[in-house]
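Okay, so here's the structure we're looking at.
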Amino acid sequence: MAQLWGGRFTKETDKLVYNFNASISFDQKFYEQDIRGSIAHVTMLAKQGILTDGEKEEIIAGLEGIRRDVENGTLEITDKYEDIHSFVEANLIDRIGNAGKKLHTGRSRNDQVALDMKLYTRDEITQLDKLVKDLLEVLLTTMKAHTETYMPGFTHLQKAQPITLAHHMGAYFEMFKRDRQRLQDIYRRMNTCPLGSGALAGTTYPLDREYTASLLGFDGPTLNSIDGVSDRDYLIELLSAMSTIMMHLSRFSEEVIIWNSNEYQFVDIDDAYSTGSSIMPQKKNPDIAELVRGKTGRVYGAQMSLLTTMKGIPLAYNKDMQEDKELVFDAMDTTKGCLALFTGMLRTMKYNEENMAASAKNGFTNATDAADYLVNHGVPFRDAHGIVGQLVLHCIEKNIALDDMSLEEYKAISPVFEQDIYDAISMKTCVDTRKTIGAPSKEAMDQVIAIHEKYLQEC
Ligand code: ARG
């Protein structure tokens, strides 16, 4: 047991208490951020004359050595230390002796851990943002290739009106674009440096907090030292943004599962992204999509858990806050993993264009357009609705599509129909006549695709 305190204690910590309190098993995840923060801290201490340049150089060389040795596997992070901060400081003292004991001057673990968590979060947001962008790239490629791939659009999971695959994918593009914007907003809002807040009331040393903040790429220091050590809002926001990403991935997964079912056969998930059954030889299961859908619950759980943890904590730091780490780490690793896998699955998925188009045609998705045809020929909409209802009933009885009825059959129900009805209710016409921005026609989609292309080039 190696800990940074003990002077005022007369007894050893109980082993169970030590283990219960320790965080090294998980906070070792940000050893690199801890070292980076310490290097900035001593650089500032030396600039302020609190440490000599010689001490600064010795400490930095020691910290860089620790970083190198952890990375190349010669230095193991073990549970002999209470937390990652103790591990780094103890190792530094082992390496360089007395100068190492000055590292923690003007600092508390409270502002140190607040900094480490912010550095970790910034690094991870950058990676997460890149993964969402990768998914947007795949969506855009699919959109470009499928502006004339017709499929049914659904409401209530009932076939509603014809759309294109590009249009459907475009809906997900909007969702994941907003997800990126949320991540970028969080980054901007959280980008202030808590170091220098001390335990809660700042320090008596003449720290230059602006300087430390700028060394670490922050926009500036936090402006209240109590808040500096006890703010976890940005983690709650991040968990919320990740929950929303997972919610989008989960909806998408659900659609992939439905589309991949034997009944739909709209898509084929690549063998590399499917799994088999131990008993049923014919099976090819969409396990990846199901797992993404399933793991959504974990991320939601983390958000609710942290909100609950924070709700009763008086200012400033309390040990409850240590609970933020495992929740955020797990949610982050889960969300990143799901994004990477989902994108790979989507990139390799095959679309059965004929099945999609046949499904749209056979599901009366052009019934609204048949009614519009009548309206364009002077029939009031409510009457037109009734007439097309009769057409649909006739087709259901004969098990055919509207497109398959003869003109005589049409005329028997309404004399208004002429030969041009077939063109009016073709999938192509149904889609191409929906030209307003945001609608499925190729003309409208091409405009939106150009906007998306520019967006992905610029950010
Ligand atoms: N492991 C602690 C945490 O994650 C670090 C801060 C400890 N500070 C303290 N006063 N015990 O929150």
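Letters for chains follow the order of the structure tokens (A, B, ...), residue numbers begin at 1 for each chain, and ligand numbers begin at 1 in the order shown.
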
Each residue of region 66-109 of chain A lying at most 12 Å from region 304-325 of chain A should get a row with its shortest atom-to-atom pair and the distance in Å to one decimal, counting only C-alpha atoms; could you produce that, ordered by chain and increasing number, as a Markdown table?
```
| residue | atom | partner | partner_atom | distance |
| --- | --- | --- | --- | --- |
| A:Asp83 | CA | A:Gln322 | CA | 10.6 |
| A:Ser108 | CA | A:Tyr317 | CA | 10.9 |
| A:Arg109 | CA | A:Tyr317 | CA | 10.1 |
```

Written selection (N, CA and C atoms) as an mmCIF file, in the first residue's frame:
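What landed in part.cif:
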```cif
data_model
loop_
_atom_site.group_PDB
_atom_site.id
_atom_site.type_symbol
_atom_site.label_atom_id
_atom_site.label_comp_id
_atom_site.auth_asym_id
_atom_site.auth_seq_id
_atom_site.Cartn_x
_atom_site.Cartn_y
_atom_site.Cartn_z
ATOM 1 N N ASP A 83 -3.860 5.473 -6.378
ATOM 2 C CA ASP A 83 -4.428 6.009 -7.615
ATOM 3 C C ASP A 83 -3.290 6.377 -8.564
ATOM 4 N N SER A 108 -3.539 20.188 -5.550
ATOM 5 C CA SER A 108 -4.235 19.172 -4.756
ATOM 6 C C SER A 108 -4.634 18.059 -5.726
ATOM 7 N N ARG A 109 -4.893 16.866 -5.199
ATOM 8 C CA ARG A 109 -5.401 15.847 -6.116
ATOM 9 C C ARG A 109 -6.783 16.231 -6.639
#
```

Ligand 1: which residues are within 12 Å, counting only C-alpha atoms and all ligand atoms? Reply as an MDAnalysis selection string. chainID A and resid 3:5 18:30 34 81:87 107:117 198:200 229:232 316:328

Write a file of the selected residues as a PDB file, in the first residue's frame, keeping C-alpha atoms.
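This is the output file selection19.pdb:
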```
ATOM      1  CA  GLN A   3      -0.305   6.415  -0.448  1.00  0.00           C
ATOM      2  CA  LEU A   4       0.414  10.120  -0.466  1.00  0.00           C
ATOM      3  CA  TRP A   5      -0.818  10.750   3.074  1.00  0.00           C
ATOM      4  CA  TYR A  18      -7.828   0.544   1.047  1.00  0.00           C
ATOM      5  CA  ASN A  19      -9.218  -1.539  -1.777  1.00  0.00           C
ATOM      6  CA  PHE A  20     -12.634   0.092  -1.550  1.00  0.00           C
ATOM      7  CA  ASN A  21     -11.107   3.547  -1.721  1.00  0.00           C
ATOM      8  CA  ALA A  22      -8.476   2.885  -4.381  1.00  0.00           C
ATOM      9  CA  SER A  23      -9.025   3.956  -7.971  1.00  0.00           C
ATOM     10  CA  ILE A  24      -5.812   2.797  -9.671  1.00  0.00           C
ATOM     11  CA  SER A  25      -7.559  -0.150 -11.340  1.00  0.00           C
ATOM     12  CA  PHE A  26      -9.418   2.307 -13.553  1.00  0.00           C
ATOM     13  CA  ASP A  27      -7.783   5.755 -13.327  1.00  0.00           C
ATOM     14  CA  GLN A  28      -4.577   4.306 -14.796  1.00  0.00           C
ATOM     15  CA  LYS A  29      -6.422   4.893 -18.043  1.00  0.00           C
ATOM     16  CA  PHE A  30      -5.327   8.525 -17.922  1.00  0.00           C
ATOM     17  CA  ASP A  34      -1.747  12.951 -15.615  1.00  0.00           C
ATOM     18  CA  TYR A  81      -0.621   2.536  -5.399  1.00  0.00           C
ATOM     19  CA  GLU A  82      -3.902   4.111  -4.394  1.00  0.00           C
ATOM     20  CA  ASP A  83      -4.428   6.009  -7.615  1.00  0.00           C
ATOM     21  CA  ILE A  84      -2.625   7.085 -10.765  1.00  0.00           C
ATOM     22  CA  HIS A  85      -1.491  10.352  -9.133  1.00  0.00           C
ATOM     23  CA  SER A  86       0.238   8.449  -6.314  1.00  0.00           C
ATOM     24  CA  PHE A  87       1.783   6.055  -8.819  1.00  0.00           C
ATOM     25  CA  ARG A 107      -1.673  21.533  -6.279  1.00  0.00           C
ATOM     26  CA  SER A 108      -4.235  19.172  -4.756  1.00  0.00           C
ATOM     27  CA  ARG A 109      -5.401  15.847  -6.116  1.00  0.00           C
ATOM     28  CA  ASN A 110      -8.785  17.514  -6.383  1.00  0.00           C
ATOM     29  CA  ASP A 111      -7.728  19.970  -9.067  1.00  0.00           C
ATOM     30  CA  GLN A 112      -5.329  17.398 -10.497  1.00  0.00           C
ATOM     31  CA  VAL A 113      -8.047  14.788 -11.067  1.00  0.00           C
ATOM     32  CA  ALA A 114     -10.402  17.456 -12.399  1.00  0.00           C
ATOM     33  CA  LEU A 115      -7.708  18.375 -14.933  1.00  0.00           C
ATOM     34  CA  ASP A 116      -6.916  14.774 -15.867  1.00  0.00           C
ATOM     35  CA  MET A 117     -10.559  14.021 -16.498  1.00  0.00           C
ATOM     36  CA  GLY A 198      -6.219  23.616  -5.276  1.00  0.00           C
ATOM     37  CA  ALA A 199      -8.293  21.556  -2.877  1.00  0.00           C
ATOM     38  CA  LEU A 200     -11.143  24.067  -3.261  1.00  0.00           C
ATOM     39  CA  VAL A 229     -12.866  20.974  -8.474  1.00  0.00           C
ATOM     40  CA  SER A 230     -16.503  19.948  -8.307  1.00  0.00           C
ATOM     41  CA  ASP A 231     -17.898  20.512 -11.793  1.00  0.00           C
ATOM     42  CA  ARG A 232     -18.890  17.303 -13.549  1.00  0.00           C
ATOM     43  CA  ALA A 316     -16.840  21.145  -3.110  1.00  0.00           C
ATOM     44  CA  TYR A 317     -15.021  17.827  -3.782  1.00  0.00           C
ATOM     45  CA  ASN A 318     -16.420  14.647  -2.238  1.00  0.00           C
ATOM     46  CA  LYS A 319     -15.204  11.143  -2.873  1.00  0.00           C
ATOM     47  CA  ASP A 320     -18.499  10.196  -4.518  1.00  0.00           C
ATOM     48  CA  MET A 321     -17.107  11.951  -7.567  1.00  0.00           C
ATOM     49  CA  GLN A 322     -14.576   9.194  -8.105  1.00  0.00           C
ATOM     50  CA  GLU A 323     -17.542   7.219  -9.445  1.00  0.00           C
ATOM     51  CA  ASP A 324     -17.596   9.396 -12.568  1.00  0.00           C
ATOM     52  CA  LYS A 325     -14.646   7.563 -14.053  1.00  0.00           C
ATOM     53  CA  GLU A 326     -15.776   3.994 -14.544  1.00  0.00           C
ATOM     54  CA  LEU A 327     -19.121   5.230 -15.848  1.00  0.00           C
ATOM     55  CA  VAL A 328     -17.627   7.585 -18.408  1.00  0.00           C
TER      56      VAL A 328
END
```

Please report, as a Markdown table, each residue of region 327-389 of chain A lying at most 8 Å from region 237-243 of chain A, together with the nearest pair of atoms and the separation in Å rounded to one decimal; use only C-alpha atoms, and order rows by chain and ascending residue number.
```
| residue | atom | partner | partner_atom | distance |
| --- | --- | --- | --- | --- |
| A:Val328 | CA | A:Leu239 | CA | 7.0 |
| A:Ala331 | CA | A:Leu239 | CA | 7.3 |
| A:Met332 | CA | A:Met242 | CA | 7.5 |
| A:Thr335 | CA | A:Met242 | CA | 6.6 |
```

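CA of Phe173 (chain A) is positioned 22.7 Å from CA of Arg188 (chain A).
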
So that I can see what lies close to Val379 (chain A), please list as an MDAnalysis selection string the residues with an atom at most 12 Å from it, counting only C-alpha atoms and leaving out residues fewer than 4 positions away in the same chain. chainID A and resid 370:375 383:388 414:417

Using DSSP on the backbone coordinates, identify all residues within region 20-51 of chain A classified as alpha helix (DSSP H); present the result as a PyMOL selection string. chain A and resi 20-21+24-27+31-47

Hey, what's within 8 Å of Val88 (chain A) if we count only C-alpha atoms and toss same-chain stuff fewer than 3 positions away? As a PyMOL selection string, please? chain A and resi 31+35+63+66+84-85+91-92

Take the residues from that selection and put them in a file with N, CA and C atoms, as a CSV table (one decimal), in the first residue's frame.
```csv
chain,number,residue,atom,x,y,z
A,31,TYR,N,-3.1,7.8,-17.3
A,31,TYR,CA,-1.7,8.1,-16.9
A,31,TYR,C,-1.0,9.1,-17.8
A,35,ILE,N,0.5,12.8,-16.6
A,35,ILE,CA,1.9,13.2,-16.8
A,35,ILE,C,1.9,14.6,-17.5
A,63,LEU,N,9.4,12.6,-15.4
A,63,LEU,CA,8.0,12.3,-15.9
A,63,LEU,C,8.0,11.7,-17.3
A,66,ILE,N,8.9,8.1,-17.0
A,66,ILE,CA,7.8,7.3,-16.6
A,66,ILE,C,6.9,7.0,-17.7
A,84,ILE,N,-3.6,6.8,-9.7
A,84,ILE,CA,-2.6,7.1,-10.8
A,84,ILE,C,-1.7,8.3,-10.3
A,85,HIS,N,-2.3,9.2,-9.6
A,85,HIS,CA,-1.5,10.4,-9.1
A,85,HIS,C,-0.4,9.9,-8.2
A,91,ASN,N,6.8,7.1,-8.2
A,91,ASN,CA,7.8,6.7,-9.2
A,91,ASN,C,8.8,7.8,-9.5
A,92,LEU,N,8.3,9.0,-9.6
A,92,LEU,CA,9.1,10.2,-9.8
A,92,LEU,C,10.2,10.3,-8.7
```

Go through region 140-325 of chain A and collect every residue that DSSP, computed from the backbone, puts in strand (DSSP E); the answer should be as a PyMOL selection string. chain A and resi 150-155+158-164+267-268

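Ranking A:Met44, A:Leu235, A:Leu223, A:Leu140 by their shortest atom-to-atom distance to Tyr455 (chain A), with only C-alpha atoms included, puts A:Leu140 first.
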